[in-house]
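Here is the file coords.txt (compact mmCIF, C-alpha atoms).
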# COMPACT_ATOMS: atom_id res chain seq x y z
CA MET I 1 116.03 135.81 23.62
CA SER I 2 116.17 139.09 21.74
CA VAL I 3 119.82 139.93 21.05
CA ARG I 4 118.62 143.22 19.57
CA HIS I 5 117.07 144.42 22.80
CA ALA I 6 119.85 143.02 24.95
CA VAL I 7 122.29 145.15 22.93
CA LEU I 8 120.10 148.22 23.40
CA ALA I 9 120.01 147.55 27.15
CA LEU I 10 123.81 147.25 27.34
CA LEU I 11 124.24 150.51 25.39
CA SER I 12 121.83 152.31 27.74
CA GLU I 13 124.73 152.34 30.23
CA GLY I 14 126.97 154.28 27.82
CA PRO I 15 128.83 153.88 24.52
CA LYS I 16 130.57 150.53 23.96
CA TYR I 17 132.35 148.65 21.20
CA GLY I 18 131.40 145.24 19.75
CA LEU I 19 133.73 142.91 21.63
CA ARG I 20 132.82 144.46 24.94
CA LEU I 21 129.11 144.06 24.15
CA ARG I 22 129.63 140.39 23.47
CA HIS I 23 131.54 139.89 26.72
CA GLU I 24 128.92 141.72 28.77
CA PHE I 25 126.03 139.90 27.08
CA GLU I 26 127.47 136.52 28.06
CA GLU I 27 128.32 137.70 31.55
CA ARG I 28 124.86 139.10 32.23
CA THR I 29 123.06 135.96 31.07
CA GLY I 30 125.07 133.72 33.36
CA GLU I 31 127.13 132.56 30.33
CA VAL I 32 124.29 130.17 29.51
CA TRP I 33 123.60 131.66 26.08
CA PRO I 34 126.88 131.93 24.18
CA ILE I 35 126.87 134.38 21.28
CA ASN I 36 129.45 134.91 18.53
CA VAL I 37 130.86 138.30 17.74
CA GLY I 38 129.42 138.14 14.21
CA GLN I 39 125.90 138.10 15.65
CA ILE I 40 126.72 141.18 17.70
CA TYR I 41 128.04 143.11 14.67
CA THR I 42 125.12 142.09 12.44
CA THR I 43 122.73 143.25 15.15
CA LEU I 44 124.59 146.56 15.56
CA GLN I 45 124.45 147.20 11.78
CA ARG I 46 120.70 146.63 11.71
CA LEU I 47 120.16 148.82 14.75
CA GLU I 48 122.21 151.57 13.10
CA ARG I 49 120.21 151.24 9.88
CA ASP I 50 117.00 151.60 11.92
CA GLY I 51 118.33 154.69 13.70
CA MET I 52 118.41 153.10 17.14
CA VAL I 53 122.17 153.36 17.61
CA GLU I 54 124.89 155.50 16.05
CA SER I 55 128.56 154.67 15.64
CA GLY I 56 131.73 156.70 15.85
CA LEU I 57 135.45 156.24 16.31
CA GLU I 58 136.95 156.75 19.73
CA ASP I 59 139.77 159.30 19.95
CA ASP I 60 142.17 156.87 21.60
CA GLY I 61 141.86 153.83 19.34
CA PRO I 62 140.70 152.22 16.11
CA GLN I 63 137.62 150.58 17.71
CA LYS I 64 134.26 151.66 16.43
CA THR I 65 131.99 152.48 19.36
CA TYR I 66 128.23 152.49 19.40
CA ARG I 67 125.88 154.71 21.36
CA LEU I 68 122.14 154.60 21.95
CA THR I 69 119.94 157.19 20.18
CA ALA I 70 116.75 158.65 21.67
CA GLU I 71 114.80 156.38 19.34
CA GLY I 72 116.75 153.37 20.60
CA ALA I 73 116.06 154.31 24.22
CA ALA I 74 112.34 154.60 23.47
CA GLU I 75 112.34 151.17 21.76
CA LEU I 76 114.13 149.60 24.76
CA ASN I 77 111.58 151.05 27.16
CA ARG I 78 108.67 149.88 25.00
CA TRP I 79 110.13 146.33 24.81
CA LEU I 80 110.71 146.08 28.58
CA HIS I 81 107.05 146.83 29.22
CA THR I 82 105.59 144.62 26.47
CA PRO I 83 104.53 141.16 27.69
CA PRO I 84 106.02 138.24 25.75
CA ASP I 85 103.70 136.21 23.55
CA LEU I 86 102.35 133.62 25.99
CA GLY I 87 98.89 133.56 24.45
CA SER I 88 99.27 131.00 21.68
CA PRO I 89 100.15 127.50 22.89
CA PRO I 90 103.46 126.28 21.45
CA ARG I 91 103.50 123.03 19.49
CA ASP I 92 104.92 120.94 22.28
CA GLU I 93 106.68 117.79 21.09
CA LEU I 94 106.18 116.01 24.41
CA VAL I 95 102.43 116.68 24.45
CA ILE I 96 102.17 115.37 20.89
CA LYS I 97 104.12 112.21 21.80
CA VAL I 98 101.82 111.41 24.70
CA LEU I 99 98.69 112.13 22.62
CA VAL I 100 99.97 109.83 19.86
CA ALA I 101 101.09 107.10 22.30
CA MET I 102 97.53 106.82 23.65
CA HIS I 103 96.40 105.35 20.34
CA VAL I 104 99.36 103.18 19.34
CA PRO I 105 98.53 99.50 19.98
CA GLY I 106 100.91 97.70 22.33
CA VAL I 107 102.39 100.89 23.78
CA ASP I 108 102.25 101.23 27.59
CA ILE I 109 101.40 104.90 28.02
CA GLY I 110 102.47 104.84 31.69
CA GLU I 111 105.90 103.64 30.61
CA VAL I 112 106.16 106.35 27.93
CA ILE I 113 105.28 108.99 30.53
CA GLN I 114 107.78 107.60 33.03
CA THR I 115 110.58 107.58 30.45
CA HIS I 116 110.05 111.29 29.81
CA ARG I 117 109.57 112.06 33.51
CA ARG I 118 112.90 110.43 34.35
CA ARG I 119 114.73 112.29 31.60
CA VAL I 120 113.30 115.65 32.66
CA VAL I 121 114.19 115.01 36.32
CA GLU I 122 117.74 114.07 35.23
CA LEU I 123 117.99 117.39 33.39
CA MET I 124 116.73 119.17 36.50
CA GLN I 125 119.42 117.42 38.56
CA GLU I 126 122.04 118.72 36.13
CA TRP I 127 120.72 122.30 36.37
CA THR I 128 120.53 122.03 40.16
CA ARG I 129 124.20 121.02 40.21
CA VAL I 130 125.01 124.14 38.17
CA LYS I 131 123.13 126.21 40.76
CA ARG I 132 124.81 124.41 43.65
CA ASP I 133 128.26 125.16 42.25
CA ALA I 134 127.43 128.77 41.34
CA SER I 135 128.83 131.41 43.63
CA GLU I 136 126.16 133.16 45.70
CA ASP I 137 126.75 136.55 44.11
CA ASP I 138 126.38 135.21 40.55
CA ILE I 139 122.74 136.23 40.58
CA SER I 140 122.42 136.22 36.76
CA LEU I 141 123.36 132.57 36.56
CA VAL I 142 121.07 131.61 39.46
CA LEU I 143 118.12 133.42 37.83
CA VAL I 144 118.70 131.75 34.47
CA VAL I 145 118.96 128.33 36.12
CA ASP I 146 115.81 129.01 38.18
CA ALA I 147 113.91 129.86 34.99
CA GLU I 148 114.99 126.56 33.43
CA LEU I 149 114.11 124.61 36.58
CA PHE I 150 110.63 126.13 36.79
CA ARG I 151 110.05 125.35 33.12
CA LEU I 152 111.15 121.72 33.50
CA ASP I 153 109.18 121.44 36.75
CA SER I 154 106.02 122.39 34.87
CA VAL I 155 106.75 119.60 32.37
CA VAL I 156 107.02 117.05 35.21
CA ARG I 157 103.78 118.32 36.70
CA TRP I 158 102.02 118.02 33.37
CA LEU I 159 103.31 114.43 33.03
CA ASP I 160 102.09 113.65 36.59
CA ALA I 161 98.66 115.07 35.80
CA ALA I 162 98.48 113.21 32.48
CA ASP I 163 99.47 109.97 34.22
CA SER I 164 96.83 110.43 36.90
CA ARG I 165 94.07 111.31 34.41
CA LEU I 166 94.89 108.40 32.11
CA ARG I 167 94.90 105.96 35.03
CA ARG I 168 91.48 107.18 36.07
CA VAL I 169 90.13 106.72 32.57
CA THR I 170 91.64 103.26 32.04
CA SER I 171 90.95 101.78 35.51
CA PRO I 172 87.91 99.47 35.45
CA PRO I 173 84.74 101.16 36.76
CA THR I 174 83.16 99.75 39.91
CA PRO I 175 79.83 98.15 38.93
CA ARG I 176 77.65 99.68 41.65
CA THR I 177 78.53 103.33 41.18
CA ASN I 178 79.18 103.27 37.46
CA PRO I 179 77.29 100.48 35.68
CA ALA I 180 78.20 99.74 32.08
CA PRO I 181 75.74 101.31 29.58
CA ALA I 182 74.28 97.91 28.59
CA LYS I 183 73.54 97.01 32.20
CA ARG I 184 72.01 100.38 32.89
CA LYS I 185 69.73 99.90 29.93
CA ALA I 186 68.76 96.39 31.12
CA ALA I 187 68.00 97.73 34.59
CA ALA I 188 65.71 100.38 33.14
CA LEU I 189 63.63 97.83 31.22
CA MET Y 1 128.53 98.92 53.85
CA SER Y 2 125.25 100.62 52.94
CA ALA Y 3 123.80 102.94 55.58
CA LEU Y 4 120.33 101.70 54.67
CA GLU Y 5 119.31 98.63 52.74
CA LEU Y 6 115.81 97.47 51.87
CA ILE Y 7 115.72 93.99 50.33
CA GLY Y 8 112.48 92.81 48.74
CA VAL Y 9 110.40 94.80 51.21
CA THR Y 10 106.64 94.33 51.01
CA LYS Y 11 104.11 96.02 53.26
CA VAL Y 12 100.49 94.91 53.41
CA TYR Y 13 97.80 96.71 55.40
CA GLY Y 14 94.49 95.02 56.24
CA ARG Y 15 93.31 91.55 55.27
CA GLY Y 16 91.10 89.79 52.78
CA ALA Y 17 89.02 92.04 50.55
CA GLY Y 18 90.28 95.18 52.33
CA GLU Y 19 93.93 94.26 51.82
CA VAL Y 20 96.17 97.05 50.52
CA GLN Y 21 99.69 96.41 49.28
CA ALA Y 22 101.49 99.64 50.12
CA LEU Y 23 104.93 98.38 49.08
CA ARG Y 24 105.76 95.52 46.76
CA GLU Y 25 109.22 93.95 46.70
CA VAL Y 26 111.14 97.20 47.08
CA THR Y 27 114.93 96.85 46.97
CA LEU Y 28 116.99 99.96 47.62
CA ALA Y 29 120.43 100.67 49.09
CA VAL Y 30 121.59 104.10 50.25
CA GLU Y 31 125.30 104.66 50.85
CA PRO Y 32 126.82 106.96 53.49
CA GLY Y 33 127.09 110.46 52.01
CA GLU Y 34 124.41 109.75 49.41
CA LEU Y 35 121.13 111.64 49.12
CA VAL Y 36 118.27 109.75 47.51
CA ALA Y 37 114.91 111.29 46.65
CA VAL Y 38 111.79 109.14 46.36
CA MET Y 39 109.14 110.51 44.01
CA GLY Y 40 105.69 109.23 43.29
CA PRO Y 41 102.04 110.26 43.31
CA SER Y 42 99.87 110.18 46.45
CA GLY Y 43 99.30 106.60 47.53
CA SER Y 44 102.37 105.26 45.75
CA GLY Y 45 103.92 104.09 49.03
CA LYS Y 46 106.47 106.89 49.55
CA SER Y 47 105.66 107.60 53.18
CA THR Y 48 105.35 103.90 54.02
CA LEU Y 49 108.84 103.38 52.61
CA LEU Y 50 110.14 106.11 54.90
CA THR Y 51 108.45 104.80 58.06
CA ILE Y 52 109.77 101.30 57.39
CA ALA Y 53 113.30 102.62 56.69
CA GLY Y 54 113.06 104.51 59.99
CA THR Y 55 111.87 101.37 61.89
CA LEU Y 56 108.66 103.16 62.88
CA GLU Y 57 106.80 100.30 61.19
CA SER Y 58 107.91 96.80 60.31
CA ALA Y 59 107.83 95.22 56.86
CA SER Y 60 105.33 92.41 56.14
CA SER Y 61 108.15 90.59 54.35
CA GLY Y 62 111.68 91.33 53.18
CA ASP Y 63 114.67 92.69 55.10
CA VAL Y 64 115.61 96.14 56.37
CA LEU Y 65 119.27 96.67 57.28
CA ILE Y 66 120.58 99.79 58.96
CA GLY Y 67 124.35 100.09 59.00
CA GLY Y 68 124.42 96.42 58.00
CA MET Y 69 122.30 95.37 60.99
CA PRO Y 70 119.03 93.54 60.19
CA VAL Y 71 116.29 95.44 62.03
CA SER Y 72 114.24 92.27 62.54
CA LYS Y 73 117.03 90.82 64.70
CA LEU Y 74 116.78 93.71 67.18
CA SER Y 75 114.51 93.80 70.22
CA ARG Y 76 111.97 96.63 70.52
CA ASN Y 77 114.26 98.42 72.97
CA GLN Y 78 117.25 98.06 70.70
CA GLN Y 79 115.19 99.40 67.79
CA ALA Y 80 114.12 102.38 69.89
CA ALA Y 81 117.74 103.08 70.86
CA MET Y 82 118.75 102.92 67.19
CA ARG Y 83 115.99 105.38 66.27
CA ARG Y 84 117.23 107.84 68.90
CA ARG Y 85 120.92 107.53 68.08
CA ALA Y 86 121.30 106.72 64.44
CA ILE Y 87 118.20 108.02 62.66
CA GLY Y 88 117.02 111.61 62.27
CA TYR Y 89 113.53 112.47 61.00
CA VAL Y 90 112.25 115.65 59.42
CA PHE Y 91 108.50 115.89 59.05
CA GLN Y 92 106.38 118.01 56.76
CA ASP Y 93 104.83 119.95 59.64
CA PHE Y 94 108.12 120.25 61.56
CA ASN Y 95 106.74 118.66 64.80
CA LEU Y 96 108.62 120.97 67.16
CA LEU Y 97 107.47 121.09 70.79
CA ALA Y 98 105.90 124.49 71.38
CA GLY Y 99 106.86 124.65 75.07
CA LEU Y 100 110.58 124.22 74.41
CA THR Y 101 113.04 126.72 72.97
CA ALA Y 102 114.84 125.99 69.69
CA ALA Y 103 117.94 124.83 71.61
CA GLU Y 104 115.86 122.63 73.93
CA ASN Y 105 114.04 121.07 70.97
CA VAL Y 106 117.34 120.21 69.32
CA ALA Y 107 118.88 118.86 72.56
CA LEU Y 108 115.85 116.68 73.33
CA PRO Y 109 116.79 113.50 71.38
CA LEU Y 110 120.20 113.43 73.08
CA GLU Y 111 118.71 113.94 76.52
CA LEU Y 112 116.17 111.18 75.92
CA ASP Y 113 119.13 108.98 75.09
CA GLY Y 114 120.69 109.66 78.50
CA VAL Y 115 123.17 112.38 77.53
CA SER Y 116 123.60 115.01 80.29
CA THR Y 117 121.65 118.25 79.85
CA ARG Y 118 124.85 120.24 79.65
CA THR Y 119 126.48 118.08 76.98
CA ALA Y 120 123.24 117.87 75.01
CA ARG Y 121 122.84 121.64 75.09
CA LYS Y 122 126.39 122.16 73.91
CA ALA Y 123 125.84 119.82 70.97
CA ALA Y 124 122.52 121.52 70.17
CA LEU Y 125 124.10 124.98 70.13
CA GLU Y 126 126.84 123.75 67.83
CA VAL Y 127 124.35 122.43 65.29
CA LEU Y 128 122.23 125.59 65.50
CA ASP Y 129 125.35 127.63 64.87
CA ARG Y 130 126.15 125.54 61.80
CA LEU Y 131 122.66 126.30 60.47
CA SER Y 132 123.08 130.05 61.21
CA LEU Y 133 120.48 129.90 63.98
CA SER Y 134 122.58 130.90 67.01
CA ALA Y 135 120.65 134.10 67.46
CA ARG Y 136 117.35 132.18 67.60
CA ALA Y 137 118.48 129.44 70.03
CA GLU Y 138 116.44 130.78 72.97
CA HIS Y 139 113.31 131.53 70.93
CA PHE Y 140 110.19 129.39 71.09
CA PRO Y 141 108.88 127.85 67.85
CA ASP Y 142 105.96 130.31 67.71
CA ASP Y 143 108.44 133.21 67.53
CA LEU Y 144 110.28 131.74 64.53
CA SER Y 145 109.50 132.06 60.83
CA GLY Y 146 108.48 128.97 58.85
CA GLY Y 147 111.95 128.69 57.33
CA GLU Y 148 113.61 128.99 60.74
CA ARG Y 149 111.30 126.36 62.24
CA GLN Y 150 112.23 123.93 59.52
CA ARG Y 151 115.94 124.61 60.04
CA VAL Y 152 115.47 123.86 63.76
CA ALA Y 153 113.70 120.62 62.80
CA ILE Y 154 116.67 119.69 60.61
CA ALA Y 155 119.08 120.60 63.42
CA ARG Y 156 117.15 118.24 65.70
CA ALA Y 157 117.34 115.50 63.08
CA VAL Y 158 121.12 115.72 62.66
CA VAL Y 159 122.30 116.43 66.23
CA GLY Y 160 124.62 113.77 67.66
CA GLU Y 161 125.99 110.90 65.63
CA ARG Y 162 123.15 110.25 63.20
CA ARG Y 163 123.91 108.04 60.23
CA LEU Y 164 120.58 108.25 58.47
CA LEU Y 165 118.43 111.30 57.75
CA LEU Y 166 114.84 110.65 56.67
CA ALA Y 167 112.66 113.51 55.48
CA ASP Y 168 109.01 113.53 54.40
CA GLU Y 169 108.23 116.58 52.20
CA PRO Y 170 110.80 118.54 54.23
CA SER Y 171 110.07 121.92 52.69
CA GLY Y 172 106.43 121.71 53.86
CA ALA Y 173 104.59 124.83 52.77
CA LEU Y 174 107.72 126.96 52.42
CA ASP Y 175 108.17 129.09 49.28
CA SER Y 176 110.62 127.87 46.66
CA VAL Y 177 113.64 129.86 47.85
CA ASN Y 178 113.20 128.73 51.47
CA GLY Y 179 112.51 125.19 50.25
CA GLU Y 180 115.79 125.33 48.38
CA ALA Y 181 117.60 126.46 51.54
CA VAL Y 182 116.23 123.38 53.32
CA MET Y 183 117.52 121.11 50.55
CA ARG Y 184 120.94 122.80 50.62
CA LEU Y 185 121.09 121.96 54.34
CA VAL Y 186 120.01 118.37 53.80
CA ARG Y 187 122.65 118.06 51.08
CA SER Y 188 125.48 119.50 53.13
CA THR Y 189 124.50 117.19 55.99
CA CYS Y 190 124.80 114.23 53.65
CA GLN Y 191 128.14 115.42 52.36
CA GLY Y 192 129.34 115.02 55.94
CA GLY Y 193 128.79 111.26 55.57
CA VAL Y 194 125.11 110.89 56.53
CA ALA Y 195 122.84 108.89 54.21
CA GLY Y 196 119.68 110.81 53.31
CA VAL Y 197 116.28 109.78 51.98
CA VAL Y 198 113.84 112.52 51.02
CA VAL Y 199 110.29 111.71 50.04
CA THR Y 200 108.64 114.35 47.87
CA HIS Y 201 106.32 114.92 44.94
CA ASP Y 202 108.21 118.14 44.12
CA ALA Y 203 110.68 117.63 41.25
CA GLN Y 204 112.62 120.79 42.12
CA LEU Y 205 113.36 119.45 45.61
CA ALA Y 206 114.08 115.96 44.29
CA SER Y 207 116.61 117.38 41.84
CA TRP Y 208 118.93 118.17 44.77
CA ALA Y 209 119.41 114.42 45.28
CA ASP Y 210 122.23 112.31 43.84
CA ARG Y 211 119.64 109.77 42.74
CA VAL Y 212 115.89 109.94 42.28
CA VAL Y 213 113.84 106.74 42.50
CA PHE Y 214 110.27 106.57 41.27
CA LEU Y 215 107.51 104.66 43.06
CA ARG Y 216 104.26 103.64 41.45
CA ASP Y 217 101.63 101.48 43.17
CA GLY Y 218 104.16 100.47 45.81
CA ARG Y 219 106.72 99.31 43.27
CA MET Y 220 110.04 100.96 42.47
CA VAL Y 221 109.64 101.37 38.73
CA ASP Y 222 112.59 103.50 37.69
CA GLN Y 223 115.52 105.63 38.83
CA THR Y 224 117.71 108.39 37.42
CA ALA Y 225 121.11 107.67 35.89
CA PRO Y 226 124.33 108.77 37.62
CA PRO Y 227 125.32 112.38 36.88
CA ALA Y 228 126.90 113.25 33.53
CA GLY Y 229 128.28 116.53 34.90
CA PRO Y 230 127.14 120.10 34.28
CA GLU Y 231 129.65 120.63 31.47
CA SER Y 232 127.66 118.35 29.17
CA LEU Y 233 124.54 120.38 29.89
CA LEU Y 234 126.09 123.72 28.98
CA GLN Y 235 127.70 122.31 25.87
CA ALA Y 236 124.46 120.72 24.72
CA ASP Y 237 122.81 124.07 25.24
CA ALA Y 238 125.48 125.94 23.30
CA ALA Y 239 125.13 123.57 20.37
CA ARG Y 240 121.40 124.18 20.13
Translate the structure described by the file into structure tokens.
Amino acid sequence: MSVRHAVLALLSEGPKYGLRLRHEFEERTGEVWPINVGQIYTTLQRLERDGMVESGLEDDGPQKTYRLTAEGAAELNRWLHTPPDLGSPPRDELVIKVLVAMHVPGVDIGEVIQTHRRRVVELMQEWTRVKRDASEDDISLVLVVDAELFRLDSVVRWLDAADSRLRRVTSPPTPRTNPAPAKRKAAAL
Amino acid sequence: MSALELIGVTKVYGRGAGEVQALREVTLAVEPGELVAVMGPSGSGKSTLLTIAGTLESASSGDVLIGGMPVSKLSRNQQAAMRRRAIGYVFQDFNLLAGLTAAENVALPLELDGVSTRTARKAALEVLDRLSLSARAEHFPDDLSGGERQRVAIARAVVGERRLLLADEPSGALDSVNGEAVMRLVRSTCQGGVAGVVVTHDAQLASWADRVVFLRDGRMVDQTAPPAGPESLLQADAAR
């Protein structure tokens, strides 16, 4: 999650001060990603240094307010239209565990897969409860929860596919359709 | 008392070399108000479990109790009466009768059970209203959307005094948002005191259940732990 671009997006609605940015950031992301005010101010300082926002004092108070510059607006627009990096596969801990488990003597790979499947489904149940209790108009929260559910769902599907493939590989071949190499050789002689 | 209890249920199809053990020693209790999802790959015995729980098939060995009553002690007629009165089914392909309106489809199980047409219709309209389908009551299935058809199928499954709701891939080919609406309905039905069993290979649907049990080669191999509460989830996330 890019705090930098989220701040630019919030400022595109008009000038705001730091505490308000923090409040709106949490509200718009369904309060799933908490952020501390220090992170907001550090981000604002960097954005100001880069010429994307400018600050000034409001007439009616001591709060420093920030506004978007033309350069900041251009950067926001560029970011919104740039696809995220989905090209390089992440180093997935679960995939590595299953790959390793295949070669560890005495480990039941089906049991390893089921342990992870159960844990992921339990997490999905927890997220679904969050969605169930969310009010219908809290669309930000529902969208964030949906994203998490789809991500976890893909993990379960990968585990199901891995389970099915491994069972196919490890199940004994039927002699008539798939003779062992030695037998095939004997038959050819 | 559990609404549904399977004790050491085994189901064998065929004999000799062609013998297939669809279920092996499955023990499962579902309480009134509880929604249980059964997950497993194709051929794991999910659908067999559902047909045995619904008395559509009998177990080769083991006991099935519905509302504390052992199914094996009931005559065929008594079993049929129990299916009509106490058990509601939702199928993957909805199974609505094309020649009947939505209201007539929903009233049908009550009428088959000897309830007067008028009383059955009243009950059907009430359920349709609860599922926000009043405006579609006089439409035929072909005039309804996929999501509406499935809601009518659920209405038919819960009309009257059903104690057990059994659903086989109840979201069928619906998209994820409509599938979710179906699960919300199933859940709210269970919260009214009905015990629910949903068979699915879809983890997103299963995650609406209070408990998820996993079948593998006809055996119940695992189940999810009771809920820890959403607070723990958000805190764990914040600490990341």
Selected residue, from I:Arg119, I:Arg22, I:Arg165, I:Lys64, that lies nearest to chain Y when counting all atoms listed in the file
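Counting all atoms listed in the file, the residue closest to chain Y is I:Arg119.
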Mind pulling up the distance from CA of Val212 in chain Y to CA of Ala225 in chain Y?
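Spanning CA of Ala225 in chain Y to CA of Val212 in chain Y is a straight-line distance of 8.6 Å.
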Shell of 10 Å around Asp138 in chain I, all atoms listed in the file, local chain residues under 3 positions omitted, as a PyMOL selection string:
chain I and resi 27-28+30+131+134-135+141-143
Residue selection dump (C-alpha atoms) as a PDB file, in the coordinates of the input:
ATOM      1  CA  GLU I  27     128.320 137.700  31.550  1.00  0.00           C
ATOM      2  CA  ARG I  28     124.860 139.100  32.230  1.00  0.00           C
ATOM      3  CA  GLY I  30     125.070 133.720  33.360  1.00  0.00           C
ATOM      4  CA  LYS I 131     123.130 126.210  40.760  1.00  0.00           C
ATOM      5  CA  ALA I 134     127.430 128.770  41.340  1.00  0.00           C
ATOM      6  CA  SER I 135     128.830 131.410  43.630  1.00  0.00           C
ATOM      7  CA  LEU I 141     123.360 132.570  36.560  1.00  0.00           C
ATOM      8  CA  VAL I 142     121.070 131.610  39.460  1.00  0.00           C
ATOM      9  CA  LEU I 143     118.120 133.420  37.830  1.00  0.00           C
TER      10      LEU I 143
END
To one decimal place in Å, what is the distance between CA of Gln79 in chain Y and CA of Lys122 in chain Y?
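Going from CA of Gln79 in chain Y over to CA of Lys122 in chain Y covers 26.1 Å.
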Quick check: residues of chain I within 7 Å of chain Y, only C-alpha atoms, returned as a VMD selection string.
chain I and resid 32 to 34 118 121 to 122 124 to 126 128 to 130 149 153
Calculated over only C-alpha atoms, which of the candidates I:Ile35, I:Leu19, I:Leu76, I:Ile139 has the smallest distance to Leu47 in chain I?
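Under the stated criterion, the closest residue is I:Leu76.
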Exercise: range 11-26 of chain Y partners within 8 Å, all atoms listed in the file, chain neighbours under 4 positions left out, as a list in words:
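Contacts, with the query itself left out: Leu6, Ile7, Gly43, Ser44, Gly45, Thr48, Leu49, Ala59, Ser60, Ser61, Gly62, Asp217, Gly218, Arg219 and Met220 of chain Y.
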Using only C-alpha atoms - which residues lie no farther than 12 Å from the point (112.7, 124.9, 71.4) in the file's frame? Write them as a ChimeraX atom specification.
/Y:94-108,121,124-125,128,133,136-144,148-153,155-156
How far is it from CA of Ala161 in chain I to CA of Ile113 in chain I, in Å with one decimal?
10.4 Å
Between Y:Gly68, Y:Pro32, Y:Gly54, Y:Gly147, which one has atoms that come closest to Gly179 in chain Y, using all atoms listed in the file?
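When distances to Gly179 in chain Y are compared using all atoms listed in the file, the smallest one comes from Y:Gly147.
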For Gly67 in chain Y, the nearest of the candidates Y:Val199, Y:Val127, Y:Ile52, Y:Met1, counting all atoms listed in the file
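With all atoms listed in the file as the atom set, the closest residue is Y:Met1.
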Take the point (119.5, 110.5, 74.9) as written in the file and pick out every residue within 12 Å of it, counting only C-alpha atoms; give the list as a list in words.
Ala80, Ala81, Met82, Arg83, Arg84, Arg85, Ala86, Val106, Ala107, Leu108, Pro109, Leu110, Glu111, Leu112, Asp113, Gly114, Val115, Ser116, Thr117, Thr119, Ala120, Arg121, Ala123, Val159, Gly160 and Glu161 of chain Y
Closest to Ser145 in chain Y among Y:Asp175, Y:Asp168, Y:Glu180, Y:Asp129, using all atoms listed in the file?
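Counting all atoms listed in the file, the residue closest to Ser145 in chain Y is Y:Asp175.
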Return the single residue from Y:Lys46, Y:Arg187, Y:Arg118, Y:Arg163 that is closest to Tyr89 in chain Y, with distances computed using all atoms listed in the file.
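Nearest to Tyr89 in chain Y: Y:Arg163.
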